[in-house]
Amino acid sequence: EIRSSGQRLFVTFDLPDFIDTEYGFTYNQHAMQENYWQGVDVDVCTPRFMWRRPKVSFPTNRSWTRLFFMNHFCCDMGLQSRPRVVGQDLLGGGDNGWGILYPRVEYCMSQNGGVKPNFIALDWVMESEEAMEVVEYLNFGGRVGTGQRCEDDFHCATSSCNLAMNVCQCLSCPAESEDICLGCEQGQYCAAPAEDEGQNNQCFIGTR
């Protein structure tokens, strides 16, 4: 049915012994590039295989773009990671939140020739709403998430923590800038409230 509809399903294996072109079984190193499975630090993305190899290496095809499979796991067991992912007031939204997952995706891309991940593997997906938002942003753009608990700028995807409220906020643009400020929608800019510095930065419609 898949073939008759013009679609294909690839099943990848860690060993080349199971290659079968008839059924679409392929060796993962022929089609993918991947980082090491363990790690959530935003400044670490250790290559596992085929790093910075933009094209596939099938025996009969070396022209397709290689897929980037990004791992994002803190621990050996899912139960160990749950308190770091599911809960209230986790710094940066937790391991799967904007403040950790998004900067790590950016770092992995910077270490892999700017390639955006095709797949992001992580624990507790169904309870990771912010992870879904990150993927949505990577695919379609929009706004970078704010509102997570923070104690410093590096806990936030926008690199801007409101220390009076301990909440991630949008990033203020310099007065002369026309850039899109992180945390704001397209066509908006961000400015701090003139009087009450305890409020979050607010996004406004307009141009510089």
# chains A, B, ... in the order shown; residues from 1 in each chain; ligands from 1

$ select_by_dssp --residues "stretch 75-161 of chain A" --states "helix (DSSP H, G or I)" --output "ChimeraX atom specification"
/A:78-85,98-111,125-127,129-140,153-155

$ write_last_selection --atoms "N, CA and C atoms" --output "compact mmCIF listing (two decimals), in the first residue's frame"
# COMPACT_ATOMS: atom_id res chain seq x y z
N GLY A 78 14.48 6.49 31.66
CA GLY A 78 13.45 7.50 31.55
C GLY A 78 12.94 7.99 32.89
N LEU A 79 12.87 7.09 33.88
CA LEU A 79 12.39 7.50 35.19
C LEU A 79 13.34 8.49 35.85
N GLN A 80 14.63 8.41 35.51
CA GLN A 80 15.59 9.37 36.05
C GLN A 80 15.38 10.76 35.46
N SER A 81 14.95 10.80 34.22
CA SER A 81 14.80 12.09 33.55
C SER A 81 13.47 12.77 33.87
N ARG A 82 12.49 12.01 34.31
CA ARG A 82 11.15 12.59 34.49
C ARG A 82 11.12 13.84 35.38
N PRO A 83 11.79 13.84 36.56
CA PRO A 83 11.75 15.05 37.39
C PRO A 83 12.39 16.26 36.72
N ARG A 84 13.23 16.02 35.73
CA ARG A 84 13.90 17.11 35.02
C ARG A 84 13.07 17.62 33.84
N VAL A 85 11.99 16.88 33.53
CA VAL A 85 11.18 17.21 32.36
C VAL A 85 9.76 17.60 32.75
N TRP A 98 11.98 25.38 26.50
CA TRP A 98 12.60 26.37 25.62
C TRP A 98 14.02 26.73 26.05
N GLY A 99 14.22 26.88 27.35
CA GLY A 99 15.50 27.38 27.85
C GLY A 99 16.65 26.41 27.72
N ILE A 100 16.36 25.12 27.50
CA ILE A 100 17.42 24.12 27.36
C ILE A 100 17.40 23.50 25.97
N LEU A 101 16.25 23.02 25.54
CA LEU A 101 16.19 22.31 24.26
C LEU A 101 16.52 23.23 23.08
N TYR A 102 15.93 24.42 23.05
CA TYR A 102 16.16 25.31 21.90
C TYR A 102 17.62 25.75 21.78
N PRO A 103 18.26 26.23 22.86
CA PRO A 103 19.68 26.59 22.72
C PRO A 103 20.56 25.40 22.35
N ARG A 104 20.17 24.20 22.80
CA ARG A 104 21.00 23.03 22.44
C ARG A 104 20.82 22.68 20.97
N VAL A 105 19.62 22.80 20.44
CA VAL A 105 19.42 22.60 19.00
C VAL A 105 20.30 23.58 18.22
N GLU A 106 20.29 24.84 18.64
CA GLU A 106 21.10 25.84 17.96
C GLU A 106 22.59 25.49 18.03
N TYR A 107 23.03 25.00 19.20
CA TYR A 107 24.44 24.65 19.34
C TYR A 107 24.80 23.46 18.47
N CYS A 108 23.94 22.43 18.47
CA CYS A 108 24.21 21.26 17.63
C CYS A 108 24.27 21.65 16.16
N MET A 109 23.40 22.56 15.75
CA MET A 109 23.44 23.03 14.37
C MET A 109 24.75 23.74 14.07
N SER A 110 25.22 24.54 15.02
CA SER A 110 26.47 25.27 14.81
C SER A 110 27.67 24.33 14.71
N GLN A 111 27.57 23.18 15.35
CA GLN A 111 28.66 22.20 15.32
C GLN A 111 28.56 21.25 14.13
N VAL A 125 7.74 12.69 25.70
CA VAL A 125 7.31 13.58 24.63
C VAL A 125 5.88 14.08 24.85
N MET A 126 4.98 13.19 25.22
CA MET A 126 3.58 13.57 25.35
C MET A 126 3.34 14.54 26.50
N GLU A 127 4.30 14.68 27.38
CA GLU A 127 4.18 15.62 28.50
C GLU A 127 5.16 16.77 28.35
N GLU A 129 5.08 19.85 26.28
CA GLU A 129 4.42 20.80 25.39
C GLU A 129 5.42 21.79 24.79
N GLU A 130 6.38 22.23 25.59
CA GLU A 130 7.34 23.20 25.07
C GLU A 130 8.24 22.59 24.00
N ALA A 131 8.54 21.30 24.12
CA ALA A 131 9.33 20.65 23.07
C ALA A 131 8.58 20.69 21.74
N MET A 132 7.27 20.48 21.80
CA MET A 132 6.45 20.57 20.58
C MET A 132 6.49 21.98 20.01
N GLU A 133 6.49 22.99 20.90
CA GLU A 133 6.56 24.38 20.45
C GLU A 133 7.90 24.67 19.78
N VAL A 134 8.98 24.11 20.33
CA VAL A 134 10.30 24.30 19.73
C VAL A 134 10.33 23.72 18.32
N VAL A 135 9.80 22.51 18.16
CA VAL A 135 9.76 21.87 16.84
C VAL A 135 8.91 22.70 15.88
N GLU A 136 7.78 23.18 16.35
CA GLU A 136 6.92 24.02 15.52
C GLU A 136 7.67 25.27 15.06
N TYR A 137 8.42 25.87 15.96
CA TYR A 137 9.19 27.07 15.61
C TYR A 137 10.27 26.75 14.59
N LEU A 138 10.97 25.63 14.78
CA LEU A 138 12.02 25.24 13.85
C LEU A 138 11.47 25.00 12.46
N ASN A 139 10.25 24.47 12.38
CA ASN A 139 9.65 24.15 11.09
C ASN A 139 8.99 25.35 10.42
N PHE A 140 8.33 26.18 11.21
CA PHE A 140 7.47 27.21 10.61
C PHE A 140 7.77 28.62 11.10
N ASP A 153 20.16 34.93 32.74
CA ASP A 153 19.81 35.01 31.32
C ASP A 153 19.99 33.68 30.59
N PHE A 154 21.00 32.88 31.01
CA PHE A 154 21.26 31.64 30.27
C PHE A 154 20.21 30.56 30.51
N HIS A 155 19.24 30.80 31.38
CA HIS A 155 18.14 29.86 31.56
C HIS A 155 17.04 30.07 30.51

$ closest_residue --among "A:Ala157, A:Cys168, A:Ile2, A:Cys74" --to "A:Val44" --atoms "only C-alpha atoms"
A:Cys74

$ select_by_dssp --residues "stretch 70-184 of chain A" --states "strand (DSSP E or B)" --output "PyMOL selection string"
chain A and resi 70-71+73+91+119-121+149+161-162+167-168

$ write_last_selection --atoms "N, CA, C and O atoms" --output "PDB file, in the first residue's frame"
ATOM      1  N   MET A  70      18.914  13.991  16.050  1.00  0.00           N
ATOM      2  CA  MET A  70      19.471  14.627  17.246  1.00  0.00           C
ATOM      3  C   MET A  70      18.949  13.957  18.508  1.00  0.00           C
ATOM      4  O   MET A  70      17.742  13.874  18.741  1.00  0.00           O
ATOM      5  N   ASN A  71      19.868  13.467  19.334  1.00  0.00           N
ATOM      6  CA  ASN A  71      19.520  12.881  20.629  1.00  0.00           C
ATOM      7  C   ASN A  71      19.556  13.949  21.718  1.00  0.00           C
ATOM      8  O   ASN A  71      20.412  14.840  21.703  1.00  0.00           O
ATOM      9  N   PHE A  73      18.946  13.359  25.693  1.00  0.00           N
ATOM     10  CA  PHE A  73      18.595  12.579  26.891  1.00  0.00           C
ATOM     11  C   PHE A  73      19.601  12.897  27.997  1.00  0.00           C
ATOM     12  O   PHE A  73      20.808  12.913  27.747  1.00  0.00           O
ATOM     13  N   LEU A  91      13.621  25.262  35.915  1.00  0.00           N
ATOM     14  CA  LEU A  91      14.441  26.301  35.297  1.00  0.00           C
ATOM     15  C   LEU A  91      14.466  26.124  33.782  1.00  0.00           C
ATOM     16  O   LEU A  91      14.734  25.032  33.277  1.00  0.00           O
ATOM     17  N   PHE A 119      14.965  14.903  13.089  1.00  0.00           N
ATOM     18  CA  PHE A 119      14.328  14.185  14.195  1.00  0.00           C
ATOM     19  C   PHE A 119      15.004  14.631  15.495  1.00  0.00           C
ATOM     20  O   PHE A 119      16.221  14.812  15.523  1.00  0.00           O
ATOM     21  N   ILE A 120      14.205  14.812  16.545  1.00  0.00           N
ATOM     22  CA  ILE A 120      14.735  15.088  17.880  1.00  0.00           C
ATOM     23  C   ILE A 120      14.185  14.018  18.812  1.00  0.00           C
ATOM     24  O   ILE A 120      12.967  13.906  18.986  1.00  0.00           O
ATOM     25  N   ALA A 121      15.077  13.216  19.377  1.00  0.00           N
ATOM     26  CA  ALA A 121      14.672  12.129  20.266  1.00  0.00           C
ATOM     27  C   ALA A 121      14.821  12.584  21.713  1.00  0.00           C
ATOM     28  O   ALA A 121      15.891  13.046  22.118  1.00  0.00           O
ATOM     29  N   ARG A 149      10.581  29.815  34.291  1.00  0.00           N
ATOM     30  CA  ARG A 149      11.284  30.297  35.483  1.00  0.00           C
ATOM     31  C   ARG A 149      12.778  30.412  35.183  1.00  0.00           C
ATOM     32  O   ARG A 149      13.356  29.563  34.493  1.00  0.00           O
ATOM     33  N   CYS A 161      16.400  37.207  31.178  1.00  0.00           N
ATOM     34  CA  CYS A 161      15.639  36.832  32.378  1.00  0.00           C
ATOM     35  C   CYS A 161      15.258  38.093  33.146  1.00  0.00           C
ATOM     36  O   CYS A 161      16.112  38.930  33.453  1.00  0.00           O
ATOM     37  N   ASN A 162      13.976  38.251  33.442  1.00  0.00           N
ATOM     38  CA  ASN A 162      13.518  39.328  34.307  1.00  0.00           C
ATOM     39  C   ASN A 162      13.831  38.919  35.740  1.00  0.00           C
ATOM     40  O   ASN A 162      13.130  38.104  36.340  1.00  0.00           O
ATOM     41  N   VAL A 167      11.396  35.410  35.556  1.00  0.00           N
ATOM     42  CA  VAL A 167      10.639  34.909  34.417  1.00  0.00           C
ATOM     43  C   VAL A 167      11.375  35.260  33.127  1.00  0.00           C
ATOM     44  O   VAL A 167      11.839  36.391  32.965  1.00  0.00           O
ATOM     45  N   CYS A 168      11.477  34.295  32.217  1.00  0.00           N
ATOM     46  CA  CYS A 168      12.074  34.568  30.909  1.00  0.00           C
ATOM     47  C   CYS A 168      11.178  35.525  30.139  1.00  0.00           C
ATOM     48  O   CYS A 168       9.963  35.355  30.088  1.00  0.00           O
TER      49      CYS A 168
END

$ atom_distance --atom1 "atom CA of A:Asn166" --atom2 "atom CA of A:Asp89"
10.1 Å

$ atom_distance --atom1 "atom CA of A:Leu90" --atom2 "atom CA of A:Ala164"
17.3 Å

$ residues_around --residues "stretch 201-205 of chain A" --least-positions-apart "5" --cutoff "10 Å" --atoms "only C-alpha atoms" --output "mmCIF file with N, CA, C and O atoms, in the first residue's frame"
data_model
loop_
_atom_site.group_PDB
_atom_site.id
_atom_site.type_symbol
_atom_site.label_atom_id
_atom_site.label_comp_id
_atom_site.auth_asym_id
_atom_site.auth_seq_id
_atom_site.Cartn_x
_atom_site.Cartn_y
_atom_site.Cartn_z
ATOM 1 N N SER A 160 17.233 36.388 28.069
ATOM 2 C CA SER A 160 16.783 37.561 28.813
ATOM 3 C C SER A 160 15.869 37.131 29.953
ATOM 4 O O SER A 160 14.721 36.738 29.732
ATOM 5 N N CYS A 161 16.400 37.207 31.178
ATOM 6 C CA CYS A 161 15.639 36.832 32.378
ATOM 7 C C CYS A 161 15.258 38.093 33.146
ATOM 8 O O CYS A 161 16.112 38.930 33.453
ATOM 9 N N ASN A 162 13.976 38.251 33.442
ATOM 10 C CA ASN A 162 13.518 39.328 34.307
ATOM 11 C C ASN A 162 13.831 38.919 35.740
ATOM 12 O O ASN A 162 13.130 38.104 36.340
ATOM 13 N N CYS A 168 11.477 34.295 32.217
ATOM 14 C CA CYS A 168 12.074 34.568 30.909
ATOM 15 C C CYS A 168 11.178 35.525 30.139
ATOM 16 O O CYS A 168 9.963 35.355 30.088
ATOM 17 N N GLN A 169 11.785 36.530 29.511
ATOM 18 C CA GLN A 169 11.037 37.549 28.810
ATOM 19 C C GLN A 169 11.608 37.737 27.404
ATOM 20 O O GLN A 169 12.652 37.199 27.060
ATOM 21 N N CYS A 170 10.908 38.524 26.589
ATOM 22 C CA CYS A 170 11.421 38.807 25.256
ATOM 23 C C CYS A 170 12.684 39.660 25.376
ATOM 24 O O CYS A 170 12.912 40.334 26.374
ATOM 25 N N LEU A 171 13.474 39.594 24.352
ATOM 26 C CA LEU A 171 14.757 40.285 24.355
ATOM 27 C C LEU A 171 14.601 41.673 23.763
ATOM 28 O O LEU A 171 14.107 41.832 22.649
ATOM 29 N N SER A 172 15.000 42.697 24.496
ATOM 30 C CA SER A 172 14.911 44.063 23.986
ATOM 31 C C SER A 172 15.896 44.269 22.851
ATOM 32 O O SER A 172 17.052 43.876 22.946
ATOM 33 N N CYS A 181 13.047 40.771 17.512
ATOM 34 C CA CYS A 181 13.549 40.485 18.855
ATOM 35 C C CYS A 181 13.046 39.120 19.302
ATOM 36 O O CYS A 181 11.862 38.806 19.156
ATOM 37 N N LEU A 182 13.926 38.297 19.851
ATOM 38 C CA LEU A 182 13.539 36.968 20.309
ATOM 39 C C LEU A 182 12.416 37.070 21.341
ATOM 40 O O LEU A 182 12.499 37.833 22.298
ATOM 41 N N GLY A 183 11.390 36.282 21.126
ATOM 42 C CA GLY A 183 10.231 36.312 22.012
ATOM 43 C C GLY A 183 9.080 37.112 21.444
ATOM 44 O O GLY A 183 7.994 37.118 22.003
ATOM 45 N N CYS A 184 9.311 37.816 20.330
ATOM 46 C CA CYS A 184 8.248 38.592 19.688
ATOM 47 C C CYS A 184 7.863 37.963 18.350
ATOM 48 O O CYS A 184 8.642 37.247 17.743
ATOM 49 N N GLU A 185 6.677 38.298 17.904
ATOM 50 C CA GLU A 185 6.208 37.822 16.611
ATOM 51 C C GLU A 185 6.862 38.624 15.488
ATOM 52 O O GLU A 185 7.436 39.690 15.717
ATOM 53 N N GLN A 186 6.759 38.099 14.273
ATOM 54 C CA GLN A 186 7.203 38.834 13.093
ATOM 55 C C GLN A 186 6.499 40.190 13.053
ATOM 56 O O GLN A 186 5.300 40.289 13.265
ATOM 57 N N GLY A 187 7.260 41.246 12.801
ATOM 58 C CA GLY A 187 6.670 42.570 12.698
ATOM 59 C C GLY A 187 6.503 43.275 14.027
ATOM 60 O O GLY A 187 5.945 44.373 14.091
ATOM 61 N N GLN A 188 6.993 42.672 15.105
ATOM 62 C CA GLN A 188 6.931 43.303 16.413
ATOM 63 C C GLN A 188 8.339 43.612 16.912
ATOM 64 O O GLN A 188 9.313 43.034 16.452
ATOM 65 N N TYR A 189 8.424 44.522 17.842
ATOM 66 C CA TYR A 189 9.681 44.761 18.539
ATOM 67 C C TYR A 189 9.393 44.779 20.036
ATOM 68 O O TYR A 189 8.248 44.865 20.472
ATOM 69 N N CYS A 190 10.431 44.715 20.825
ATOM 70 C CA CYS A 190 10.262 44.604 22.272
ATOM 71 C C CYS A 190 10.910 45.796 22.955
ATOM 72 O O CYS A 190 11.996 46.226 22.587
ATOM 73 N N ALA A 191 10.231 46.332 23.945
ATOM 74 C CA ALA A 191 10.788 47.431 24.734
ATOM 75 C C ALA A 191 10.387 47.238 26.179
ATOM 76 O O ALA A 191 9.291 46.794 26.477
ATOM 77 N N ALA A 192 11.282 47.572 27.097
ATOM 78 C CA ALA A 192 10.980 47.452 28.519
ATOM 79 C C ALA A 192 9.988 48.537 28.921
ATOM 80 O O ALA A 192 10.013 49.641 28.376
ATOM 81 N N PRO A 193 9.082 48.249 29.860
ATOM 82 C CA PRO A 193 8.170 49.288 30.350
ATOM 83 C C PRO A 193 8.958 50.469 30.894
ATOM 84 O O PRO A 193 9.996 50.308 31.528
ATOM 85 N N ALA A 194 8.476 51.664 30.639
ATOM 86 C CA ALA A 194 9.231 52.865 30.999
ATOM 87 C C ALA A 194 9.322 53.068 32.506
ATOM 88 O O ALA A 194 10.334 53.548 33.011
#

$ decode --residues "stretch 97-142 of chain A" --atoms "N, CA and C atoms" --output "short mmCIF file (atom, residue, chain, number, x, y, z; two decimals), in the first residue's frame"
data_model
loop_
_atom_site.label_atom_id
_atom_site.label_comp_id
_atom_site.auth_asym_id
_atom_site.auth_seq_id
_atom_site.Cartn_x
_atom_site.Cartn_y
_atom_site.Cartn_z
N GLY A 97 12.35 21.97 27.73
CA GLY A 97 11.76 23.29 27.62
C GLY A 97 12.54 24.22 26.72
N TRP A 98 11.98 25.38 26.50
CA TRP A 98 12.60 26.37 25.62
C TRP A 98 14.02 26.73 26.05
N GLY A 99 14.22 26.88 27.35
CA GLY A 99 15.50 27.38 27.85
C GLY A 99 16.65 26.41 27.72
N ILE A 100 16.36 25.12 27.50
CA ILE A 100 17.42 24.12 27.36
C ILE A 100 17.40 23.50 25.97
N LEU A 101 16.25 23.02 25.54
CA LEU A 101 16.19 22.31 24.26
C LEU A 101 16.52 23.23 23.08
N TYR A 102 15.93 24.42 23.05
CA TYR A 102 16.16 25.31 21.90
C TYR A 102 17.62 25.75 21.78
N PRO A 103 18.26 26.23 22.86
CA PRO A 103 19.68 26.59 22.72
C PRO A 103 20.56 25.40 22.35
N ARG A 104 20.17 24.20 22.80
CA ARG A 104 21.00 23.03 22.44
C ARG A 104 20.82 22.68 20.97
N VAL A 105 19.62 22.80 20.44
CA VAL A 105 19.42 22.60 19.00
C VAL A 105 20.30 23.58 18.22
N GLU A 106 20.29 24.84 18.64
CA GLU A 106 21.10 25.84 17.96
C GLU A 106 22.59 25.49 18.03
N TYR A 107 23.03 25.00 19.20
CA TYR A 107 24.44 24.65 19.34
C TYR A 107 24.80 23.46 18.47
N CYS A 108 23.94 22.43 18.47
CA CYS A 108 24.21 21.26 17.63
C CYS A 108 24.27 21.65 16.16
N MET A 109 23.40 22.56 15.75
CA MET A 109 23.44 23.03 14.37
C MET A 109 24.75 23.74 14.07
N SER A 110 25.22 24.54 15.02
CA SER A 110 26.47 25.27 14.81
C SER A 110 27.67 24.33 14.71
N GLN A 111 27.57 23.18 15.35
CA GLN A 111 28.66 22.20 15.32
C GLN A 111 28.56 21.25 14.13
N ASN A 112 27.43 21.32 13.42
CA ASN A 112 27.19 20.35 12.34
C ASN A 112 26.92 21.06 11.01
N GLY A 113 27.61 22.16 10.80
CA GLY A 113 27.49 22.86 9.53
C GLY A 113 26.17 23.56 9.31
N GLY A 114 25.46 23.88 10.39
CA GLY A 114 24.19 24.59 10.27
C GLY A 114 23.02 23.72 9.90
N VAL A 115 23.19 22.40 9.92
CA VAL A 115 22.10 21.48 9.53
C VAL A 115 21.05 21.41 10.63
N LYS A 116 19.79 21.63 10.26
CA LYS A 116 18.68 21.56 11.21
C LYS A 116 18.29 20.10 11.42
N PRO A 117 18.02 19.68 12.66
CA PRO A 117 17.65 18.28 12.88
C PRO A 117 16.33 17.91 12.21
N ASN A 118 16.31 16.73 11.59
CA ASN A 118 15.06 16.19 11.04
C ASN A 118 14.26 15.47 12.10
N PHE A 119 14.97 14.90 13.09
CA PHE A 119 14.33 14.18 14.20
C PHE A 119 15.00 14.63 15.49
N ILE A 120 14.20 14.81 16.54
CA ILE A 120 14.73 15.09 17.88
C ILE A 120 14.18 14.02 18.81
N ALA A 121 15.08 13.22 19.38
CA ALA A 121 14.67 12.13 20.27
C ALA A 121 14.82 12.58 21.71
N LEU A 122 13.74 12.46 22.50
CA LEU A 122 13.78 12.86 23.90
C LEU A 122 12.76 12.05 24.70
N ASP A 123 12.87 12.15 26.02
CA ASP A 123 11.96 11.43 26.92
C ASP A 123 10.68 12.23 27.16
N TRP A 124 9.61 11.51 27.49
CA TRP A 124 8.35 12.09 27.95
C TRP A 124 7.80 13.11 26.95
N VAL A 125 7.74 12.69 25.70
CA VAL A 125 7.31 13.58 24.63
C VAL A 125 5.88 14.08 24.85
N MET A 126 4.98 13.19 25.22
CA MET A 126 3.58 13.57 25.35
C MET A 126 3.34 14.54 26.50
N GLU A 127 4.30 14.68 27.38
CA GLU A 127 4.18 15.62 28.50
C GLU A 127 5.16 16.77 28.35
N SER A 128 5.58 17.02 27.13
CA SER A 128 6.58 18.05 26.85
C SER A 128 6.02 19.04 25.84
N GLU A 129 5.08 19.85 26.28
CA GLU A 129 4.42 20.80 25.39
C GLU A 129 5.42 21.79 24.79
N GLU A 130 6.38 22.23 25.59
CA GLU A 130 7.34 23.20 25.07
C GLU A 130 8.24 22.59 24.00
N ALA A 131 8.54 21.30 24.12
CA ALA A 131 9.33 20.65 23.07
C ALA A 131 8.58 20.69 21.74
N MET A 132 7.27 20.48 21.80
CA MET A 132 6.45 20.57 20.58
C MET A 132 6.49 21.98 20.01
N GLU A 133 6.49 22.99 20.90
CA GLU A 133 6.56 24.38 20.45
C GLU A 133 7.90 24.67 19.78
N VAL A 134 8.98 24.11 20.33
CA VAL A 134 10.30 24.30 19.73
C VAL A 134 10.33 23.72 18.32
N VAL A 135 9.80 22.51 18.16
CA VAL A 135 9.76 21.87 16.84
C VAL A 135 8.91 22.70 15.88
N GLU A 136 7.78 23.18 16.35
CA GLU A 136 6.92 24.02 15.52
C GLU A 136 7.67 25.27 15.06
N TYR A 137 8.42 25.87 15.96
CA TYR A 137 9.19 27.07 15.61
C TYR A 137 10.27 26.75 14.59
N LEU A 138 10.97 25.63 14.78
CA LEU A 138 12.02 25.24 13.85
C LEU A 138 11.47 25.00 12.46
N ASN A 139 10.25 24.47 12.38
CA ASN A 139 9.65 24.15 11.09
C ASN A 139 8.99 25.35 10.42
N PHE A 140 8.33 26.18 11.21
CA PHE A 140 7.47 27.21 10.61
C PHE A 140 7.77 28.62 11.10
N GLY A 141 8.69 28.80 12.04
CA GLY A 141 8.95 30.14 12.57
C GLY A 141 7.88 30.54 13.57
N GLY A 142 7.80 31.83 13.87
CA GLY A 142 6.85 32.30 14.88
C GLY A 142 7.58 33.08 15.94
#
